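Visitor: One file is attached below, my_file31.cif, containing mmCIF, C-alpha atoms, pLDDT in the B column; chains and numbers go by the auth columns.
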data_input
#
loop_
_atom_site.group_PDB
_atom_site.id
_atom_site.type_symbol
_atom_site.label_atom_id
_atom_site.label_comp_id
_atom_site.label_asym_id
_atom_site.label_seq_id
_atom_site.Cartn_x
_atom_site.Cartn_y
_atom_site.Cartn_z
_atom_site.B_iso_or_equiv
_atom_site.auth_seq_id
_atom_site.auth_asym_id
ATOM 1 C CA MET A 1 -18.129 -21.216 8.481 55.00 14 O
ATOM 2 C CA PRO A 2 -18.441 -20.454 12.206 64.00 15 O
ATOM 3 C CA ASP A 3 -21.192 -17.995 13.115 70.00 16 O
ATOM 4 C CA TRP A 4 -18.815 -15.531 14.758 68.00 17 O
ATOM 5 C CA LEU A 5 -16.598 -15.386 11.670 60.00 18 O
ATOM 6 C CA ASN A 6 -19.619 -14.907 9.450 62.00 19 O
ATOM 7 C CA HIS A 7 -20.747 -12.042 11.718 61.00 20 O
ATOM 8 C CA VAL A 8 -17.308 -10.382 11.609 59.00 21 O
ATOM 9 C CA LEU A 9 -17.191 -10.656 7.800 59.00 22 O
ATOM 10 C CA GLN A 10 -20.664 -9.158 7.503 62.00 23 O
ATOM 11 C CA LEU A 11 -19.684 -6.307 9.817 61.00 24 O
ATOM 12 C CA PHE A 12 -16.565 -5.469 7.817 56.00 25 O
ATOM 13 C CA SER A 13 -18.429 -5.733 4.533 56.00 26 O
ATOM 14 C CA LEU A 14 -20.456 -2.657 5.495 58.00 27 O
ATOM 15 C CA SER A 15 -19.016 0.356 3.731 58.00 28 O
ATOM 16 C CA SER A 16 -19.333 2.408 6.941 63.00 29 O
ATOM 17 C CA VAL A 17 -16.924 0.008 8.666 70.00 30 O
ATOM 18 C CA GLY A 18 -14.999 -1.658 5.845 81.00 31 O
ATOM 19 C CA LEU A 19 -13.806 1.420 3.966 89.00 32 O
ATOM 20 C CA PRO A 20 -12.344 3.111 7.072 89.00 33 O
ATOM 21 C CA ALA A 21 -10.725 -0.217 8.001 89.00 34 O
ATOM 22 C CA ILE A 22 -9.169 -0.426 4.528 92.00 35 O
ATOM 23 C CA PHE A 23 -7.865 3.137 4.891 93.00 36 O
ATOM 24 C CA VAL A 24 -6.340 2.518 8.335 91.00 37 O
ATOM 25 C CA VAL A 25 -4.697 -0.783 7.332 91.00 38 O
ATOM 26 C CA ALA A 26 -3.373 0.748 4.101 93.00 39 O
ATOM 27 C CA PHE A 27 -2.024 3.794 5.934 94.00 40 O
ATOM 28 C CA VAL A 28 -0.357 1.864 8.743 91.00 41 O
ATOM 29 C CA SER A 29 1.117 -0.734 6.382 88.00 42 O
ATOM 30 C CA ALA A 30 2.925 2.030 4.470 87.00 43 O
ATOM 31 C CA THR A 31 4.516 3.486 7.578 84.00 44 O
ATOM 32 C CA ILE A 32 6.370 1.527 10.229 70.00 45 O
ATOM 33 C CA LEU A 33 4.321 -1.637 10.725 76.00 46 O
ATOM 34 C CA PRO A 34 4.666 -4.443 8.204 74.00 47 O
ATOM 35 C CA MET A 35 1.089 -5.305 7.285 81.00 48 O
ATOM 36 C CA ALA A 36 -0.650 -6.421 4.121 83.00 49 O
ATOM 37 C CA THR A 37 -3.502 -4.356 2.767 87.00 50 O
ATOM 38 C CA GLU A 38 -4.556 -6.868 0.119 86.00 51 O
ATOM 39 C CA PRO A 39 -6.420 -9.336 2.382 86.00 52 O
ATOM 40 C CA VAL A 40 -8.589 -6.566 3.846 88.00 53 O
ATOM 41 C CA LEU A 41 -9.170 -4.979 0.440 91.00 54 O
ATOM 42 C CA PHE A 42 -9.875 -8.308 -1.243 88.00 55 O
ATOM 43 C CA GLY A 43 -12.288 -9.429 1.473 85.00 56 O
ATOM 44 C CA PHE A 44 -14.220 -6.186 1.255 89.00 57 O
ATOM 45 C CA VAL A 45 -14.374 -6.215 -2.552 90.00 58 O
ATOM 46 C CA LYS A 46 -15.327 -9.901 -2.603 86.00 59 O
ATOM 47 C CA LEU A 47 -18.351 -9.077 -0.442 85.00 60 O
ATOM 48 C CA ASN A 48 -19.036 -5.759 -2.241 87.00 61 O
ATOM 49 C CA PRO A 49 -17.950 -6.100 -5.887 88.00 62 O
ATOM 50 C CA ASP A 50 -19.888 -2.970 -6.836 89.00 63 O
ATOM 51 C CA LEU A 51 -17.551 -0.935 -4.573 90.00 64 O
ATOM 52 C CA PHE A 52 -14.359 -2.167 -6.291 92.00 65 O
ATOM 53 C CA TRP A 53 -13.155 1.242 -7.510 94.00 66 O
ATOM 54 C CA LEU A 54 -14.112 3.064 -4.327 94.00 67 O
ATOM 55 C CA ALA A 55 -12.296 0.487 -2.183 94.00 68 O
ATOM 56 C CA VAL A 56 -9.214 0.623 -4.432 95.00 69 O
ATOM 57 C CA ALA A 57 -9.260 4.431 -4.237 96.00 70 O
ATOM 58 C CA VAL A 58 -9.495 4.356 -0.430 95.00 71 O
ATOM 59 C CA ALA A 59 -6.620 1.850 -0.215 95.00 72 O
ATOM 60 C CA THR A 60 -4.529 3.913 -2.631 96.00 73 O
ATOM 61 C CA VAL A 61 -5.087 7.160 -0.729 96.00 74 O
ATOM 62 C CA GLY A 62 -4.365 5.538 2.634 95.00 75 O
ATOM 63 C CA ASN A 63 -1.251 3.758 1.394 94.00 76 O
ATOM 64 C CA THR A 64 0.021 6.864 -0.392 95.00 77 O
ATOM 65 C CA LEU A 65 -0.468 9.063 2.672 95.00 78 O
ATOM 66 C CA GLY A 66 1.366 6.468 4.755 93.00 79 O
ATOM 67 C CA GLY A 67 4.179 6.494 2.200 91.00 80 O
ATOM 68 C CA MET A 68 4.342 10.284 2.436 94.00 81 O
ATOM 69 C CA VAL A 69 4.651 10.021 6.228 94.00 82 O
ATOM 70 C CA THR A 70 7.651 7.749 5.643 91.00 83 O
ATOM 71 C CA TYR A 71 9.001 10.257 3.083 92.00 84 O
ATOM 72 C CA PHE A 72 8.769 13.086 5.621 93.00 85 O
ATOM 73 C CA MET A 73 10.375 10.890 8.294 91.00 86 O
ATOM 74 C CA GLY A 74 13.333 10.466 5.925 88.00 87 O
ATOM 75 C CA TYR A 75 13.315 14.203 5.252 86.00 88 O
ATOM 76 C CA GLY A 76 13.350 14.937 8.980 87.00 89 O
ATOM 77 C CA ALA A 77 16.118 12.401 9.595 83.00 90 O
ATOM 78 C CA HIS A 78 18.246 14.207 7.011 77.00 91 O
ATOM 79 C CA GLU A 79 17.610 17.505 8.773 76.00 92 O
ATOM 80 C CA LEU A 80 18.793 15.994 12.070 76.00 93 O
ATOM 81 C CA LEU A 81 21.809 14.228 10.595 77.00 94 O
ATOM 82 C CA ALA A 82 22.575 16.663 7.769 69.00 95 O
ATOM 83 C CA HIS A 83 25.365 15.733 5.392 64.00 96 O
ATOM 84 C CA ASP A 84 26.666 17.780 2.488 65.00 97 O
ATOM 85 C CA LYS A 85 26.439 15.014 -0.090 67.00 98 O
ATOM 86 C CA PRO A 86 24.178 11.988 -0.212 64.00 99 O
ATOM 87 C CA PRO A 87 25.844 8.726 0.765 67.00 100 O
ATOM 88 C CA VAL A 88 27.282 6.777 -2.145 65.00 101 O
ATOM 89 C CA HIS A 89 24.647 4.055 -1.849 64.00 102 O
ATOM 90 C CA LEU A 90 21.863 6.623 -2.412 67.00 103 O
ATOM 91 C CA ARG A 91 23.276 8.370 -5.460 69.00 104 O
ATOM 92 C CA TRP A 92 21.518 5.967 -7.841 70.00 105 O
ATOM 93 C CA LEU A 93 18.173 7.042 -6.397 71.00 106 O
ATOM 94 C CA GLN A 94 19.077 10.687 -6.714 73.00 107 O
ATOM 95 C CA ARG A 95 20.073 10.074 -10.340 75.00 108 O
ATOM 96 C CA LEU A 96 16.828 8.224 -11.175 79.00 109 O
ATOM 97 C CA GLY A 97 14.621 10.622 -9.222 77.00 110 O
ATOM 98 C CA ALA A 98 10.946 10.413 -8.311 81.00 111 O
ATOM 99 C CA PRO A 99 9.897 7.867 -11.008 83.00 112 O
ATOM 100 C CA VAL A 100 11.593 5.157 -8.949 86.00 113 O
ATOM 101 C CA LEU A 101 8.762 5.659 -6.429 84.00 114 O
ATOM 102 C CA LEU A 102 6.561 3.771 -8.872 83.00 115 O
ATOM 103 C CA LEU A 103 8.076 0.787 -7.024 84.00 116 O
ATOM 104 C CA SER A 104 7.056 2.080 -3.591 83.00 117 O
ATOM 105 C CA TRP A 105 4.502 -0.736 -3.346 82.00 118 O
ATOM 106 C CA VAL A 106 7.121 -3.503 -3.425 82.00 119 O
ATOM 107 C CA PRO A 107 7.307 -5.317 -0.068 80.00 120 O
ATOM 108 C CA LEU A 108 10.377 -4.542 2.050 79.00 121 O
ATOM 109 C CA ILE A 109 12.001 -2.090 -0.375 84.00 122 O
ATOM 110 C CA GLY A 110 9.019 0.213 -0.947 83.00 123 O
ATOM 111 C CA ASP A 111 9.089 1.819 2.488 84.00 124 O
ATOM 112 C CA ALA A 112 12.859 2.218 2.256 84.00 125 O
ATOM 113 C CA LEU A 113 12.491 3.933 -1.124 86.00 126 O
ATOM 114 C CA CYS A 114 10.029 6.403 0.393 87.00 127 O
ATOM 115 C CA ALA A 115 12.354 7.172 3.298 86.00 128 O
ATOM 116 C CA MET A 116 15.379 7.508 1.011 86.00 129 O
ATOM 117 C CA ALA A 117 13.467 9.885 -1.276 89.00 130 O
ATOM 118 C CA GLY A 118 12.807 12.052 1.776 88.00 131 O
ATOM 119 C CA TRP A 119 16.411 11.815 2.900 84.00 132 O
ATOM 120 C CA LEU A 120 17.513 12.991 -0.540 84.00 133 O
ATOM 121 C CA LYS A 121 14.929 15.788 -0.394 86.00 134 O
ATOM 122 C CA LEU A 122 13.401 14.837 -3.719 88.00 135 O
ATOM 123 C CA ALA A 123 10.564 17.206 -4.611 89.00 136 O
ATOM 124 C CA TRP A 124 7.460 15.999 -2.777 91.00 137 O
ATOM 125 C CA LYS A 125 4.911 16.579 -5.555 94.00 138 O
ATOM 126 C CA PRO A 126 6.524 14.229 -8.113 94.00 139 O
ATOM 127 C CA VAL A 127 7.197 11.739 -5.313 93.00 140 O
ATOM 128 C CA LEU A 128 3.515 11.852 -4.353 95.00 141 O
ATOM 129 C CA LEU A 129 2.347 11.373 -7.950 95.00 142 O
ATOM 130 C CA TRP A 130 4.698 8.480 -8.760 94.00 143 O
ATOM 131 C CA MET A 131 4.006 6.814 -5.426 93.00 144 O
ATOM 132 C CA ALA A 132 0.227 7.073 -5.895 95.00 145 O
ATOM 133 C CA ALA A 133 0.476 5.697 -9.443 95.00 146 O
ATOM 134 C CA GLY A 134 2.478 2.680 -8.302 92.00 147 O
ATOM 135 C CA LYS A 135 0.165 1.919 -5.415 92.00 148 O
ATOM 136 C CA LEU A 136 -2.953 2.326 -7.581 95.00 149 O
ATOM 137 C CA ILE A 137 -1.587 -0.092 -10.180 92.00 150 O
ATOM 138 C CA ARG A 138 -0.708 -2.557 -7.421 91.00 151 O
ATOM 139 C CA PHE A 139 -4.170 -2.524 -5.853 92.00 152 O
ATOM 140 C CA VAL A 140 -6.006 -2.772 -9.173 92.00 153 O
ATOM 141 C CA VAL A 141 -3.852 -5.660 -10.398 90.00 154 O
ATOM 142 C CA MET A 142 -3.670 -7.588 -7.121 88.00 155 O
ATOM 143 C CA THR A 143 -7.362 -7.263 -6.300 88.00 156 O
ATOM 144 C CA GLY A 144 -8.368 -7.971 -9.882 84.00 157 O
ATOM 145 C CA VAL A 145 -6.240 -11.113 -10.002 84.00 158 O
ATOM 146 C CA LEU A 146 -7.593 -12.310 -6.654 81.00 159 O
ATOM 147 C CA LEU A 147 -11.165 -11.763 -7.839 82.00 160 O
ATOM 148 C CA TRP A 148 -10.437 -13.577 -11.091 82.00 161 O
ATOM 149 C CA ILE A 149 -9.348 -16.766 -9.279 78.00 162 O
ATOM 150 C CA PRO A 150 -12.335 -19.134 -9.094 77.00 163 O
ATOM 151 C CA GLU A 151 -14.079 -19.546 -5.769 71.00 164 O
ATOM 152 C CA SER A 152 -13.426 -23.295 -5.866 73.00 165 O
ATOM 153 C CA PHE A 153 -9.717 -22.546 -5.437 72.00 166 O
ATOM 154 C CA TRP A 154 -10.359 -20.486 -2.301 65.00 167 O
ATOM 155 C CA GLN A 155 -12.587 -23.210 -0.877 69.00 168 O
ATOM 156 C CA ARG A 156 -9.884 -25.850 -1.404 71.00 169 O
ATOM 157 C CA PHE A 157 -7.109 -23.562 -0.206 68.00 170 O
ATOM 158 C CA PHE A 158 -8.886 -22.566 3.004 63.00 171 O
ATOM 159 C CA LEU A 159 -10.655 -25.891 3.435 60.00 172 O
ATOM 160 C CA VAL A 160 -14.025 -24.191 3.711 54.00 173 O
#
Would you kindly transcribe this structure into structure tokens?
Guide:
Amino acid sequence: MPDWLNHVLQLFSLSSVGLPAIFVVAFVSATILPMATEPVLFGFVKLNPDLFWLAVAVATVGNTLGGMVTYFMGYGAHELLAHDKPPVHLRWLQRLGAPVLLLSWVPLIGDALCAMAGWLKLAWKPVLLWMAAGKLIRFVVMTGVLLWIPESFWQRFFLV
């Protein structure tokens, strides 16, 4: 591995740098920029396995807060473009309610679900709880699975 890359990895493995980086990436990836939190989270946890739960918690909080920003953007858009009834294509979400936000982690549709929940003015507390639960499950499962894969696979895959 090149020295500069090794230095960068060591820098980001420090909890004083890595945890804030996880938070920022998780937050931004749940708002308007399409980013993936898993590589940053996995890299940090791979270098600091004893901080698994703390790193997952930081990623969950950051991603959930980003999702709530998207929710409130949808809420604000509804206020600007107020309609009496929700559009036909959103009635299914209104019928299902906040539990559908358990899927807020799904790429491409998750951010839209958060914005639509805001547009429909679903109660924010249940939205927050369901969204956080979905994102927590995602980070635990994804990071756990990535850690479970043998290191020999990563070495072959990345030709290290």
Visitor: Hey, what comes out of the PyMOL selection byres ((chain O and resi 53-66) around 10) on this file? Could you write it as a short mmCIF file (atom, residue, chain, number, x, y, z; two decimals) with C-alpha atoms, keeping the file's coordinate frame?
Guide:
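File written: selection_37.cif
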data_model
loop_
_atom_site.label_atom_id
_atom_site.label_comp_id
_atom_site.auth_asym_id
_atom_site.auth_seq_id
_atom_site.Cartn_x
_atom_site.Cartn_y
_atom_site.Cartn_z
CA LEU O 22 -17.19 -10.66 7.80
CA GLN O 23 -20.66 -9.16 7.50
CA PHE O 25 -16.57 -5.47 7.82
CA SER O 26 -18.43 -5.73 4.53
CA LEU O 27 -20.46 -2.66 5.50
CA SER O 28 -19.02 0.36 3.73
CA GLY O 31 -15.00 -1.66 5.84
CA LEU O 32 -13.81 1.42 3.97
CA ALA O 34 -10.72 -0.22 8.00
CA ILE O 35 -9.17 -0.43 4.53
CA PHE O 36 -7.86 3.14 4.89
CA VAL O 38 -4.70 -0.78 7.33
CA ALA O 39 -3.37 0.75 4.10
CA ALA O 49 -0.65 -6.42 4.12
CA THR O 50 -3.50 -4.36 2.77
CA GLU O 51 -4.56 -6.87 0.12
CA PRO O 52 -6.42 -9.34 2.38
CA LEU O 67 -14.11 3.06 -4.33
CA ALA O 68 -12.30 0.49 -2.18
CA VAL O 69 -9.21 0.62 -4.43
CA ALA O 70 -9.26 4.43 -4.24
CA VAL O 71 -9.49 4.36 -0.43
CA ALA O 72 -6.62 1.85 -0.22
CA PHE O 152 -4.17 -2.52 -5.85
CA VAL O 153 -6.01 -2.77 -9.17
CA MET O 155 -3.67 -7.59 -7.12
CA THR O 156 -7.36 -7.26 -6.30
CA GLY O 157 -8.37 -7.97 -9.88
CA VAL O 158 -6.24 -11.11 -10.00
CA LEU O 159 -7.59 -12.31 -6.65
CA LEU O 160 -11.16 -11.76 -7.84
#
Visitor: Quick one: of O:Pro33, O:Pro47, O:Gly87, O:Gly110, who's nearest to Met144 of chain O, counting all atoms listed in the file?
Guide: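 Closest to Met144 of chain O, using all atoms listed in the file: O:Gly110.
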Visitor: Which residue is closest to Phe40 of chain O? Choose from O:Met81, O:Leu116, O:Met129, O:Val140 and count all atoms listed in the file.
Guide: O:Met81
Visitor: If the PyMOL selection byres ((chain O and resi 145) around 8) is run on the structure shown, which residues does it catch, given as a PyMOL selection string?
Guide: chain O and resi 73-74+77+115+141-144+146-149
Visitor: In Å, with one decimal, what is the gap from atom CA of Ser117 of chain O to atom CA of Lys134 of chain O?
Guide: 16.1 Å
